[in-house]
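Colleague: Take this structure, written in structure tokens, and hold onto it; I'll ask about it next.
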Amino acid sequence: MSDIFREVEEDVRRERLEKLWKQYGDYIIAGVAVIVVGVAGFKLWQHYEAAQQLKASAAYAQAMQLSNSGKAAEATELFAKIVKDAPSGYASTAKLSEADALLADGKTAQAVALYKIIADNDSSALGDIARIRAAWATADTSSKSDLQTLLAPLTDPKSGWRFMAQEILAYCDFRDGKLKLAQSEYESLANEPAAPNTLRQRADAMSSFIRTGGGANYGTVPPPAAPANASVQKGNTPK
């Protein structure tokens, strides 16, 4: 008897499945097709992305080679092309390198403008690096208040870039002849255990330089005195 009930149960289950398939079979097929197409599309997209990354990597390496060879103008042009065409990661890095190439080519204003665009639009470390480079590029020409405004996002006590920002501002005071203030700032940086070791070494060197009078203004060297007979023309020497 149990075999008969099992056969009846299987027949009922089969009929239900057939009924469900008739009602929803097309939807099931369509769903499977969507999944297959989606997986295939994702694989194609991954392949395309990999190809674009490889292409951008080769172009970036070429641009860096041009830059390192002193061909700043050509490097700038190639970096600009990478910024336009490459995936976002390479494009962002290329934009910073483009600004570096412009600076190396003597186009300071254009480089600084690009650095500032990067700094204002990129919240990653790349933006912070651009801000530091913009400040150094104008450290000899910008007022201290302008540099303070530019570096403000980096001077927060929690910022990992605060010591680099402080170094630039200390240099600004040195540049402006505020030697005691600059020496104090450099000494503070030299004794800051959390600051990078190379920065501490630079700060200590600058502090020693100022302390030993290296930054003092001793005036200009007077020109040598003219010979007593300078007004006597050749051939008119008295007998």
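Going by the structure tokens order, chains are called A, B, ..., each with residues numbered from 1, while ligands are numbered from 1 in the order shown.
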Neighbouring residues of Lys107 of chain A were defined as those with any atom within 12 Å, considering only C-alpha atoms; residues of the same chain fewer than 5 positions away were excluded. Please report them as a list in words.
Modeller: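 Residues near the query, excluding close chain neighbours: Ala72, Ala73, Thr76, Glu98, Ala99, Asp100, Ala101, Leu102, Val112, Ala113, Leu114 and Ala137 of chain A.
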Colleague: Show me, as a PyMOL selection string, the residues that have an atom within 10 Å of Thr138 of chain A when counting only C-alpha atoms, minus same-chain residues fewer than 6 positions from it.
Modeller: chain A and resi 108-109+112+146-147
Colleague: Would you write out those residues with C-alpha atoms, as a PDB file, in the first residue's frame?
Modeller:
ATOM      1  CA  THR A 108      54.853  77.896 -12.209  1.00  0.00           C
ATOM      2  CA  ALA A 109      51.508  79.691 -12.394  1.00  0.00           C
ATOM      3  CA  VAL A 112      50.181  75.929  -8.995  1.00  0.00           C
ATOM      4  CA  ASP A 146      48.170  83.289   1.730  1.00  0.00           C
ATOM      5  CA  LEU A 147      50.318  80.285   2.610  1.00  0.00           C
TER       6      LEU A 147
END
Colleague: What is the distance between atom CA of Trp161 of chain A and atom CA of Ala94 of chain A, in Å to one decimal?
Modeller: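 Value for the atom CA of Trp161 of chain A-atom CA of Ala94 of chain A distance: 21.7 Å.
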Colleague: Between A:Gly70, A:Gly127, A:Ala119, A:Phe163, which one has atoms that come closest to Asp105 of chain A, using only C-alpha atoms?
Modeller: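 Smallest distance to Asp105 of chain A is found for A:Gly70.
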Colleague: In Å, rounded to a single decimal, give me how far atom CA of Leu151 of chain A is from atom CA of Leu96 of chain A.
Modeller: 17.4 Å
